[in-house]
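Shown below: target01.txt, with compact mmCIF, C-alpha atoms and all ligand atoms.
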```
# COMPACT_ATOMS: atom_id res chain seq x y z
CA MET J 1 12.52 21.65 0.96
CA GLU J 2 9.35 22.85 2.63
CA LYS J 3 5.58 22.46 2.32
CA LYS J 4 3.74 25.08 0.27
CA THR J 5 -0.01 24.89 -0.42
CA GLN J 6 -1.93 21.76 0.47
CA LEU J 7 -2.97 20.03 -2.75
CA TYR J 8 -4.98 17.18 -1.33
CA GLU J 9 -6.08 15.52 1.90
CA GLY J 10 -6.79 11.81 1.87
CA LYS J 11 -7.88 9.49 4.65
CA ALA J 12 -4.36 8.82 5.92
CA LYS J 13 -2.13 11.39 4.23
CA LYS J 14 -1.92 15.00 3.09
CA VAL J 15 -0.09 16.13 -0.03
CA PHE J 16 1.63 19.51 -0.30
CA ALA J 17 3.17 21.40 -3.20
CA THR J 18 6.86 22.36 -3.02
CA GLU J 19 8.92 24.99 -4.81
CA ASP J 20 9.73 22.29 -7.39
CA PRO J 21 6.72 21.54 -9.64
CA ALA J 22 7.97 17.96 -10.15
CA LEU J 23 8.02 17.18 -6.40
CA VAL J 24 5.42 17.07 -3.64
CA ILE J 25 5.59 16.37 0.08
CA ILE J 26 3.46 13.61 1.58
CA SER J 27 2.56 14.01 5.25
CA TYR J 28 1.37 10.89 7.09
CA LYS J 29 -1.47 11.21 9.64
CA ASP J 30 -2.48 8.92 12.51
CA ASP J 31 -6.06 8.83 11.18
CA ALA J 32 -7.39 5.42 10.26
CA THR J 33 -10.54 4.49 8.38
CA ALA J 34 -12.02 1.23 7.22
CA PHE J 35 -14.95 0.09 5.13
CA ASN J 36 -14.71 3.09 2.80
CA GLY J 37 -14.55 5.58 5.64
CA LEU J 38 -17.50 4.16 7.61
CA LYS J 39 -15.28 3.24 10.55
CA LYS J 40 -13.04 6.03 11.80
CA GLY J 41 -10.34 6.20 14.44
CA THR J 42 -6.76 7.08 15.18
CA ILE J 43 -3.81 4.80 15.63
CA ALA J 44 -1.25 6.67 17.77
CA GLY J 45 2.13 6.84 16.05
CA LYS J 46 0.88 5.19 12.84
CA GLY J 47 1.87 8.11 10.61
CA VAL J 48 5.48 7.94 11.75
CA ILE J 49 5.68 4.17 11.31
CA ASN J 50 3.98 4.13 7.90
CA ASN J 51 6.20 6.95 6.65
CA LYS J 52 9.42 5.24 7.70
CA MET J 53 8.35 1.73 6.73
CA SER J 54 7.10 2.76 3.32
CA ASN J 55 10.31 4.67 2.64
CA MET J 56 12.51 1.75 3.71
CA LEU J 57 10.58 -0.66 1.51
CA MET J 58 10.53 1.64 -1.52
CA GLN J 59 14.29 2.20 -1.27
CA MET J 60 14.76 -1.57 -1.04
CA LEU J 61 12.53 -2.06 -4.10
CA GLU J 62 14.53 0.57 -6.04
CA LYS J 63 17.63 -1.58 -5.43
CA HIS J 64 15.73 -4.43 -7.07
CA GLY J 65 15.00 -2.29 -10.13
CA VAL J 66 11.47 -1.18 -9.24
CA ALA J 67 10.89 2.51 -10.03
CA THR J 68 9.09 4.32 -7.19
CA HIS J 69 8.01 7.85 -6.35
CA PHE J 70 10.40 8.03 -3.35
CA VAL J 71 12.85 10.95 -3.22
CA GLU J 72 13.78 11.89 0.35
CA GLU J 73 12.51 11.43 3.90
CA LEU J 74 12.31 14.90 5.52
CA ASN J 75 11.29 14.01 9.06
CA ASP J 76 9.16 11.53 11.06
CA ARG J 77 6.00 12.17 9.07
CA ASP J 78 7.00 13.98 5.87
CA THR J 79 8.57 12.65 2.69
CA VAL J 80 9.41 14.25 -0.64
CA VAL J 81 8.14 12.19 -3.56
CA LYS J 82 7.91 12.66 -7.31
CA LYS J 83 4.65 14.24 -8.37
CA VAL J 84 2.56 11.71 -10.27
CA SER J 85 -0.90 11.44 -11.65
CA ILE J 86 -2.32 8.40 -9.89
CA VAL J 87 -3.64 5.58 -12.08
CA PRO J 88 -7.11 5.12 -10.51
CA LEU J 89 -6.67 1.40 -9.91
CA GLU J 90 -6.00 -0.30 -6.58
CA VAL J 91 -3.79 -3.24 -7.45
CA ILE J 92 -4.19 -6.13 -5.02
CA ILE J 93 -1.84 -9.08 -4.88
CA ARG J 94 -2.71 -12.11 -2.77
CA ASN J 95 -0.54 -15.03 -1.69
CA ILE J 96 -2.99 -16.47 0.84
CA SER J 97 -6.80 -16.26 1.09
CA ALA J 98 -8.06 -13.55 3.46
CA GLY J 99 -10.41 -10.58 3.69
CA SER J 100 -12.68 -9.84 0.77
CA PHE J 101 -11.32 -12.79 -1.25
CA ALA J 102 -12.34 -15.28 1.45
CA LYS J 103 -15.72 -13.58 1.81
CA ARG J 104 -16.45 -13.29 -1.93
CA TYR J 105 -15.62 -16.90 -2.74
CA GLY J 106 -16.88 -18.44 0.52
CA VAL J 107 -13.57 -19.95 1.63
CA GLU J 108 -11.68 -19.80 4.90
CA GLU J 109 -8.73 -17.50 5.43
CA GLY J 110 -5.27 -19.04 5.26
CA ILE J 111 -5.37 -21.07 2.03
CA VAL J 112 -1.88 -20.78 0.54
CA PHE J 113 -2.16 -20.27 -3.23
CA ALA J 114 0.12 -22.14 -5.63
CA GLU J 115 0.52 -18.88 -7.56
CA PRO J 116 -0.14 -15.32 -6.40
CA THR J 117 -3.32 -13.63 -7.70
CA ILE J 118 -3.83 -10.10 -8.95
CA GLU J 119 -7.00 -8.05 -9.02
CA PHE J 120 -7.90 -4.43 -9.61
CA SER J 121 -10.37 -2.15 -7.91
CA TYR J 122 -11.55 1.07 -9.52
CA LYS J 123 -10.29 3.76 -7.12
CA ASN J 124 -13.53 5.66 -6.64
CA ASP J 125 -14.82 6.32 -3.10
CA ASP J 126 -18.33 7.24 -4.29
CA LEU J 127 -18.66 3.77 -5.81
CA GLY J 128 -16.88 2.01 -2.92
CA ASP J 129 -13.81 1.00 -4.99
CA PRO J 130 -15.57 -1.73 -7.03
CA LEU J 131 -13.70 -4.74 -8.34
CA ILE J 132 -12.86 -4.23 -12.02
CA ASN J 133 -11.09 -6.28 -14.68
CA SER J 134 -8.46 -5.04 -17.11
CA TYR J 135 -10.95 -4.86 -20.01
CA HIS J 136 -13.24 -2.64 -17.95
CA ALA J 137 -10.25 -0.48 -17.00
CA LEU J 138 -9.43 -0.11 -20.70
CA ALA J 139 -13.05 0.63 -21.60
CA LEU J 140 -13.13 3.38 -18.96
CA SER J 141 -9.74 4.72 -20.16
CA LEU J 142 -8.29 4.36 -16.66
CA ALA J 143 -5.01 3.11 -18.16
CA THR J 144 -3.64 1.94 -21.49
CA LYS J 145 -3.01 -1.71 -22.37
CA GLU J 146 0.73 -1.12 -22.09
CA GLU J 147 0.34 0.57 -18.70
CA ILE J 148 -1.76 -2.31 -17.37
CA GLU J 149 0.85 -4.80 -18.57
CA THR J 150 3.63 -2.76 -16.92
CA ILE J 151 1.65 -2.47 -13.68
CA LYS J 152 0.98 -6.22 -13.57
CA ASN J 153 4.64 -7.07 -14.12
CA MET J 154 5.80 -4.54 -11.52
CA ALA J 155 3.23 -5.78 -8.99
CA PHE J 156 4.36 -9.41 -9.27
CA THR J 157 8.03 -8.37 -9.04
CA ILE J 158 7.24 -6.31 -5.93
CA ASN J 159 5.46 -9.33 -4.45
CA SER J 160 8.48 -11.60 -4.96
CA VAL J 161 10.87 -9.09 -3.41
CA LEU J 162 8.62 -8.23 -0.44
CA LYS J 163 7.62 -11.84 0.28
CA GLU J 164 11.24 -12.89 0.58
CA TYR J 165 12.17 -9.81 2.60
CA PHE J 166 9.37 -10.26 5.14
CA ALA J 167 9.96 -14.01 5.42
CA LYS J 168 13.37 -13.22 6.91
CA LEU J 169 11.57 -11.17 9.59
CA ASN J 170 9.31 -14.17 10.37
CA VAL J 171 6.43 -12.31 8.75
CA THR J 172 4.15 -13.88 6.14
CA LEU J 173 3.02 -11.43 3.46
CA VAL J 174 -0.61 -12.51 2.97
CA ASP J 175 -1.81 -9.80 0.58
CA PHE J 176 -1.36 -6.10 -0.13
CA LYS J 177 -2.59 -3.15 -2.17
CA LEU J 178 -0.44 -1.03 -4.46
CA GLU J 179 -1.05 2.18 -6.37
CA PHE J 180 0.90 3.36 -9.36
CA GLY J 181 1.41 6.81 -10.84
CA ARG J 182 2.54 8.40 -14.08
CA LEU J 183 5.43 10.85 -14.16
CA ALA J 184 5.21 13.83 -16.53
CA ASP J 185 6.96 11.75 -19.24
CA GLY J 186 4.50 8.87 -18.80
CA THR J 187 6.82 6.55 -16.87
CA ILE J 188 4.90 4.31 -14.45
CA VAL J 189 6.25 4.31 -10.90
CA LEU J 190 5.10 2.73 -7.65
CA ALA J 191 3.33 5.42 -5.58
CA ASP J 192 1.20 5.70 -2.42
CA GLU J 193 2.56 3.61 0.49
CA ILE J 194 3.48 0.12 1.62
CA SER J 195 2.63 -0.25 5.30
CA PRO J 196 0.50 -2.20 7.79
CA ASP J 197 -2.41 -0.06 6.47
CA THR J 198 -2.05 -1.57 3.00
CA CYS J 199 -0.69 -5.08 3.65
CA ARG J 200 -1.75 -8.11 5.64
CA PHE J 201 1.15 -9.34 7.76
CA TRP J 202 0.88 -12.55 9.79
CA ASP J 203 3.54 -13.71 12.24
CA SER J 204 4.93 -16.78 10.49
CA THR J 205 5.08 -18.83 13.72
CA THR J 206 1.93 -17.85 15.60
CA GLY J 207 -0.26 -16.48 12.80
CA GLU J 208 -0.82 -13.33 14.86
CA LYS J 209 -2.10 -10.41 12.78
CA LEU J 210 0.39 -7.52 12.66
CA ASP J 211 -1.54 -5.07 10.48
CA LYS J 212 -4.63 -2.88 10.12
CA ASP J 213 -6.96 -5.88 10.42
CA ARG J 214 -6.52 -5.39 14.20
CA PHE J 215 -8.28 -2.02 13.74
CA ARG J 216 -10.79 -3.18 11.10
CA ARG J 217 -11.86 -6.17 13.21
CA ASP J 218 -11.56 -4.59 16.69
CA LEU J 219 -8.94 -7.11 17.79
CA GLY J 220 -7.11 -4.70 20.15
CA GLY J 221 -3.35 -4.23 20.28
CA VAL J 222 -3.41 -2.08 17.15
CA GLU J 223 -0.52 0.25 18.10
CA ASP J 224 1.53 -2.70 19.38
CA ALA J 225 1.15 -4.50 16.05
CA TYR J 226 2.43 -1.49 14.05
CA GLN J 227 5.33 -1.07 16.50
CA GLU J 228 6.21 -4.76 16.33
CA MET J 229 6.39 -4.59 12.52
CA MET J 230 8.64 -1.53 12.73
CA ARG J 231 10.81 -3.23 15.35
CA ARG J 232 11.35 -6.23 13.05
CA LEU J 233 12.14 -4.02 10.08
CA THR J 234 14.75 -2.02 11.96
CA ALA J 235 16.28 -4.84 14.05
CA GLU J 236 19.70 -5.84 12.80
P1 LIG J 301 -9.33 -6.99 0.98
O1 LIG J 301 -9.16 -8.44 1.34
O2 LIG J 301 -10.19 -6.24 1.97
O3 LIG J 301 -9.77 -6.80 -0.43
O4 LIG J 301 -7.88 -6.30 1.10
C1 LIG J 301 -6.79 -6.76 0.37
C2 LIG J 301 -5.54 -6.00 0.75
O5 LIG J 301 -5.63 -4.64 0.35
C3 LIG J 301 -5.26 -5.97 2.25
O6 LIG J 301 -3.87 -6.17 2.45
C4 LIG J 301 -5.66 -4.61 2.71
C5 LIG J 301 -5.47 -3.76 1.47
N1 LIG J 301 -6.47 -2.70 1.34
C6 LIG J 301 -6.08 -1.37 1.27
O7 LIG J 301 -4.89 -1.06 1.34
N2 LIG J 301 -7.04 -0.42 1.11
C7 LIG J 301 -8.36 -0.72 1.02
O8 LIG J 301 -9.18 0.20 0.88
C8 LIG J 301 -8.75 -2.10 1.08
C9 LIG J 301 -10.20 -2.47 0.99
C10 LIG J 301 -7.78 -3.04 1.24
```
Turn this file's structure into structure tokens for me.
Ligand code: TMP
Amino acid sequence: MEKKTQLYEGKAKKVFATEDPALVIISYKDDATAFNGLKKGTIAGKGVINNKMSNMLMQMLEKHGVATHFVEELNDRDTVVKKVSIVPLEVIIRNISAGSFAKRYGVEEGIVFAEPTIEFSYKNDDLGDPLINSYHALALSLATKEEIETIKNMAFTINSVLKEYFAKLNVTLVDFKLEFGRLADGTIVLADEISPDTCRFWDSTTGEKLDKDRFRRDLGGVEDAYQEMMRRLTAE
């Protein structure tokens, strides 16, 4: 399978058509942005790590009954996935306070919640991905009631599976962002990526940040953090 015309270029990935109208190829870049594109940079080797990590995690989730867009890894940076129409909601699950949650509610980072939380952002760069609730999403026809219910259930299932998986790697899954897509028949599947770009990972012993916060917050050691996560995922 090979790349045909480029359909889309996002901040971290490109999407190409293939000879099969139901499949596209995602190509992962090393480009990194933060704060809605205000901060720009590159993280050497990130595209390779995010491609492989996301594929490993999606295949693991499939084994746990979670439908994903994953089809086949082609090479270091390219993966064949099912073509979806993206539901324009960023679905954020949190297990521990951090980032915008800590800022919005004026609490410190690191509060372990009794139950995970879910929130949605309206995926719209011009508006800066504003926080939105499910009633607003319905009012704007971003998804149906049934789709929102499905997405919520899938997101919490994904959280349980990932939390347990990362715990075994001595990594605490603090929070993460998911995106879902619709197949041609309307089935909702997990899309986009699961990587240090889209998750907060803290070393369970030291609390060291092993994710994109090192880039967002200029903490240094960005490449090392991505590599360390990949090392733990592939170590047997
Ligand atoms: P937040 O605390 O900044 O709202 O981020 C919550 C989680 O979502 C965190 O794991 C990083 C991830 N995230 C993205 O994947 N893309 C984004 O554009 C933002 C703002 C956060």
Could you list the protein, DNA and RNA residues that have any atom within 8 Å of ligand LIG 301 (chain J), counting all atoms listed in the file, and write them as a PDB file with C-alpha atoms, in the coordinates of the input?
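Output below, filename result.pdb:
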```pdb
ATOM      1  CA  ALA J  34     -12.020   1.230   7.220  1.00  0.00           C
ATOM      2  CA  PHE J  35     -14.950   0.090   5.130  1.00  0.00           C
ATOM      3  CA  ASN J  36     -14.710   3.090   2.800  1.00  0.00           C
ATOM      4  CA  GLU J  90      -6.000  -0.300  -6.580  1.00  0.00           C
ATOM      5  CA  ILE J  92      -4.190  -6.130  -5.020  1.00  0.00           C
ATOM      6  CA  ILE J  93      -1.840  -9.080  -4.880  1.00  0.00           C
ATOM      7  CA  ARG J  94      -2.710 -12.110  -2.770  1.00  0.00           C
ATOM      8  CA  ALA J  98      -8.060 -13.550   3.460  1.00  0.00           C
ATOM      9  CA  GLY J  99     -10.410 -10.580   3.690  1.00  0.00           C
ATOM     10  CA  SER J 100     -12.680  -9.840   0.770  1.00  0.00           C
ATOM     11  CA  PHE J 101     -11.320 -12.790  -1.250  1.00  0.00           C
ATOM     12  CA  ALA J 102     -12.340 -15.280   1.450  1.00  0.00           C
ATOM     13  CA  ASP J 129     -13.810   1.000  -4.990  1.00  0.00           C
ATOM     14  CA  VAL J 174      -0.610 -12.510   2.970  1.00  0.00           C
ATOM     15  CA  ASP J 175      -1.810  -9.800   0.580  1.00  0.00           C
ATOM     16  CA  PHE J 176      -1.360  -6.100  -0.130  1.00  0.00           C
ATOM     17  CA  LYS J 177      -2.590  -3.150  -2.170  1.00  0.00           C
ATOM     18  CA  LEU J 178      -0.440  -1.030  -4.460  1.00  0.00           C
ATOM     19  CA  PRO J 196       0.500  -2.200   7.790  1.00  0.00           C
ATOM     20  CA  ASP J 197      -2.410  -0.060   6.470  1.00  0.00           C
ATOM     21  CA  THR J 198      -2.050  -1.570   3.000  1.00  0.00           C
ATOM     22  CA  CYS J 199      -0.690  -5.080   3.650  1.00  0.00           C
ATOM     23  CA  ARG J 200      -1.750  -8.110   5.640  1.00  0.00           C
ATOM     24  CA  PHE J 201       1.150  -9.340   7.760  1.00  0.00           C
ATOM     25  CA  LYS J 212      -4.630  -2.880  10.120  1.00  0.00           C
ATOM     26  CA  ASP J 213      -6.960  -5.880  10.420  1.00  0.00           C
TER      27      ASP J 213
END
```
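Relative to CA of Gly41 in chain J, CA of Ala225 in chain J is found at 15.8 Å.
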Point to revise | Residue contacts of Leu89 in chain J (6 Å, only C-alpha atoms) excluding same-chain residues fewer than 4 positions away, as a ChimeraX atom specification | key: /J:120-123
Check your understanding: At what distance in Å, to one decimal, does CA of Leu61 in chain J lie from CA of Leu162 in chain J?
Key -> 8.2 Å
Review point. Taking only C-alpha atoms into account, which of J:Ile151, J:Leu210, J:Ala67, J:Leu169 comes nearest Ser134 in chain J?
Key: J:Ile151
**Study point:** Neighbours of point (10.4, 9.1, 1.3) within 7 Å, using only C-alpha atoms, written as an MDAnalysis selection string
**Key:** chainID J and resid 55 70:73 79:81
Tell me, as a CSV table (one decimal) with C-alpha atoms, in the coordinates of the input, which residues lie within 12 Å of Val222 in chain J, counting only C-alpha atoms; anything in the same chain fewer than 5 positions away does not count.
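Output saved as out.csv:
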```csv
chain,number,residue,atom,x,y,z
J,30,ASP,CA,-2.5,8.9,12.5
J,32,ALA,CA,-7.4,5.4,10.3
J,41,GLY,CA,-10.3,6.2,14.4
J,42,THR,CA,-6.8,7.1,15.2
J,43,ILE,CA,-3.8,4.8,15.6
J,44,ALA,CA,-1.2,6.7,17.8
J,45,GLY,CA,2.1,6.8,16.0
J,46,LYS,CA,0.9,5.2,12.8
J,196,PRO,CA,0.5,-2.2,7.8
J,197,ASP,CA,-2.4,-0.1,6.5
J,208,GLU,CA,-0.8,-13.3,14.9
J,209,LYS,CA,-2.1,-10.4,12.8
J,210,LEU,CA,0.4,-7.5,12.7
J,211,ASP,CA,-1.5,-5.1,10.5
J,212,LYS,CA,-4.6,-2.9,10.1
J,213,ASP,CA,-7.0,-5.9,10.4
J,214,ARG,CA,-6.5,-5.4,14.2
J,215,PHE,CA,-8.3,-2.0,13.7
J,216,ARG,CA,-10.8,-3.2,11.1
J,217,ARG,CA,-11.9,-6.2,13.2
J,227,GLN,CA,5.3,-1.1,16.5
J,228,GLU,CA,6.2,-4.8,16.3
J,229,MET,CA,6.4,-4.6,12.5
```
Draw an axis-aligned box over all listed atoms of range 193-212 of chain J, pad each side with 3 Å, and write its centre and edge lengths in Å, one decimal, as AutoDock Vina command-line options.
```
--center_x 0.2 --center_y -7.6 --center_z 8.0 --size_x 15.7 --size_y 28.4 --size_z 21.1
```
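The space separating CA of Ser204 in chain J from CA of Lys152 in chain J comes to 26.6 Å.
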Practice item. Select, from J:Ile49, J:Val107, J:Leu183, J:Ile25, the residue with the minimum atom-to-atom distance to Asp224 in chain J, counting all atoms listed in the file. Key: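 Going through J:Ile49, J:Val107, J:Leu183, J:Ile25 one by one, the smallest distance to Asp224 in chain J is for J:Ile49.
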Practice item. Name the closest residue to Val84 in chain J among the candidates J:Glu164, J:Asp185, J:Glu149, J:Glu115; distances are taken between atoms, counting only C-alpha atoms. Key: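 Under the stated criterion, the closest residue is J:Asp185.
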Exercise for review: Around the point (-7.1, 3.7, -10.6) in the file's coordinates, collect all residues with an atom within 12 Å, using only C-alpha atoms, and return them as a PyMOL selection string.
Suggested key: chain J and resi 85-92+119-125+129-134+136-138+140-144+147-148+151+177-182+191-192
Point to revise | 9 Å contact set for Val171 in chain J, only C-alpha atoms, chain neighbours under 3 positions out, as a PyMOL selection string | key: chain J and resi 163+165-168+201-205+207+210+229+232
Check your understanding: With only C-alpha atoms as the basis for distance, which of J:Leu38, J:Val66, J:Val189, J:Ile26 is at the shortest distance from Asn50 in chain J?
Key ->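 Going through J:Leu38, J:Val66, J:Val189, J:Ile26 one by one, the smallest distance to Asn50 in chain J is for J:Ile26.
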Starting from the incomplete input, reconstruct all heavy atoms of range 21-32 of chain J and report them as an mmCIF file, in the coordinates of the input.
```
data_model
loop_
_atom_site.group_PDB
_atom_site.id
_atom_site.type_symbol
_atom_site.label_atom_id
_atom_site.label_comp_id
_atom_site.auth_asym_id
_atom_site.auth_seq_id
_atom_site.Cartn_x
_atom_site.Cartn_y
_atom_site.Cartn_z
ATOM 1 N N PRO J 21 7.994 22.068 -9.122
ATOM 2 C CA PRO J 21 6.720 21.540 -9.640
ATOM 3 C C PRO J 21 6.722 20.031 -9.874
ATOM 4 O O PRO J 21 5.648 19.428 -9.996
ATOM 5 C CB PRO J 21 6.522 22.293 -10.966
ATOM 6 C CG PRO J 21 7.854 22.858 -11.323
ATOM 7 C CD PRO J 21 8.604 23.059 -10.039
ATOM 8 N N ALA J 22 7.894 19.410 -9.908
ATOM 9 C CA ALA J 22 7.970 17.960 -10.150
ATOM 10 C C ALA J 22 7.939 17.165 -8.845
ATOM 11 O O ALA J 22 7.926 15.929 -8.872
ATOM 12 C CB ALA J 22 9.232 17.626 -10.939
ATOM 13 N N LEU J 23 7.954 17.871 -7.695
ATOM 14 C CA LEU J 23 8.020 17.180 -6.400
ATOM 15 C C LEU J 23 6.886 17.631 -5.497
ATOM 16 O O LEU J 23 6.476 18.787 -5.526
ATOM 17 C CB LEU J 23 9.366 17.477 -5.712
ATOM 18 C CG LEU J 23 10.643 17.065 -6.460
ATOM 19 C CD1 LEU J 23 11.865 17.546 -5.689
ATOM 20 C CD2 LEU J 23 10.701 15.557 -6.686
ATOM 21 N N VAL J 24 6.401 16.716 -4.671
ATOM 22 C CA VAL J 24 5.420 17.070 -3.640
ATOM 23 C C VAL J 24 5.880 16.455 -2.315
ATOM 24 O O VAL J 24 6.745 15.578 -2.296
ATOM 25 C CB VAL J 24 3.987 16.551 -3.991
ATOM 26 C CG1 VAL J 24 3.444 17.255 -5.222
ATOM 27 C CG2 VAL J 24 3.955 15.033 -4.168
ATOM 28 N N ILE J 25 5.294 16.936 -1.235
ATOM 29 C CA ILE J 25 5.590 16.370 0.080
ATOM 30 C C ILE J 25 4.347 15.650 0.585
ATOM 31 O O ILE J 25 3.248 16.219 0.592
ATOM 32 C CB ILE J 25 6.021 17.454 1.087
ATOM 33 C CG1 ILE J 25 7.378 18.039 0.658
ATOM 34 C CG2 ILE J 25 6.114 16.882 2.506
ATOM 35 C CD1 ILE J 25 7.819 19.252 1.454
ATOM 36 N N ILE J 26 4.538 14.388 0.973
ATOM 37 C CA ILE J 26 3.460 13.610 1.580
ATOM 38 C C ILE J 26 3.615 13.708 3.086
ATOM 39 O O ILE J 26 4.727 13.576 3.600
ATOM 40 C CB ILE J 26 3.574 12.114 1.204
ATOM 41 C CG1 ILE J 26 3.446 11.906 -0.289
ATOM 42 C CG2 ILE J 26 2.526 11.291 1.917
ATOM 43 C CD1 ILE J 26 3.501 10.429 -0.654
ATOM 44 N N SER J 27 2.520 13.928 3.799
ATOM 45 C CA SER J 27 2.560 14.010 5.250
ATOM 46 C C SER J 27 1.600 12.953 5.802
ATOM 47 O O SER J 27 0.404 12.965 5.507
ATOM 48 C CB SER J 27 2.132 15.417 5.667
ATOM 49 O OG SER J 27 2.382 15.593 7.026
ATOM 50 N N TYR J 28 2.144 12.037 6.601
ATOM 51 C CA TYR J 28 1.370 10.890 7.090
ATOM 52 C C TYR J 28 0.655 11.227 8.394
ATOM 53 O O TYR J 28 1.279 11.665 9.357
ATOM 54 C CB TYR J 28 2.294 9.698 7.335
ATOM 55 C CG TYR J 28 2.770 8.989 6.091
ATOM 56 C CD1 TYR J 28 3.767 9.545 5.288
ATOM 57 C CD2 TYR J 28 2.245 7.748 5.729
ATOM 58 C CE1 TYR J 28 4.221 8.883 4.155
ATOM 59 C CE2 TYR J 28 2.702 7.085 4.597
ATOM 60 C CZ TYR J 28 3.679 7.643 3.819
ATOM 61 O OH TYR J 28 4.127 6.982 2.706
ATOM 62 N N LYS J 29 -0.644 10.951 8.448
ATOM 63 C CA LYS J 29 -1.470 11.210 9.640
ATOM 64 C C LYS J 29 -1.646 9.923 10.451
ATOM 65 O O LYS J 29 -1.389 8.827 9.966
ATOM 66 C CB LYS J 29 -2.862 11.698 9.217
ATOM 67 C CG LYS J 29 -2.856 12.896 8.278
ATOM 68 C CD LYS J 29 -4.275 13.422 8.049
ATOM 69 C CE LYS J 29 -5.084 12.584 7.094
ATOM 70 N NZ LYS J 29 -6.423 13.132 6.823
ATOM 71 N N ASP J 30 -2.139 10.088 11.684
ATOM 72 C CA ASP J 30 -2.480 8.920 12.510
ATOM 73 C C ASP J 30 -3.915 8.457 12.275
ATOM 74 O O ASP J 30 -4.356 7.470 12.859
ATOM 75 C CB ASP J 30 -2.286 9.242 14.006
ATOM 76 C CG ASP J 30 -0.812 9.292 14.403
ATOM 77 O OD1 ASP J 30 0.040 8.904 13.582
ATOM 78 O OD2 ASP J 30 -0.527 9.721 15.540
ATOM 79 N N ASP J 31 -4.647 9.187 11.440
ATOM 80 C CA ASP J 31 -6.060 8.830 11.180
ATOM 81 C C ASP J 31 -6.149 7.476 10.478
ATOM 82 O O ASP J 31 -5.370 7.182 9.571
ATOM 83 C CB ASP J 31 -6.728 9.870 10.269
ATOM 84 C CG ASP J 31 -6.757 11.253 10.887
ATOM 85 O OD1 ASP J 31 -6.465 11.367 12.097
ATOM 86 O OD2 ASP J 31 -7.064 12.220 10.163
ATOM 87 N N ALA J 32 -7.136 6.716 10.906
ATOM 88 C CA ALA J 32 -7.390 5.420 10.260
ATOM 89 C C ALA J 32 -8.870 5.315 9.916
ATOM 90 O O ALA J 32 -9.724 5.740 10.695
ATOM 91 C CB ALA J 32 -7.004 4.288 11.202
#
```
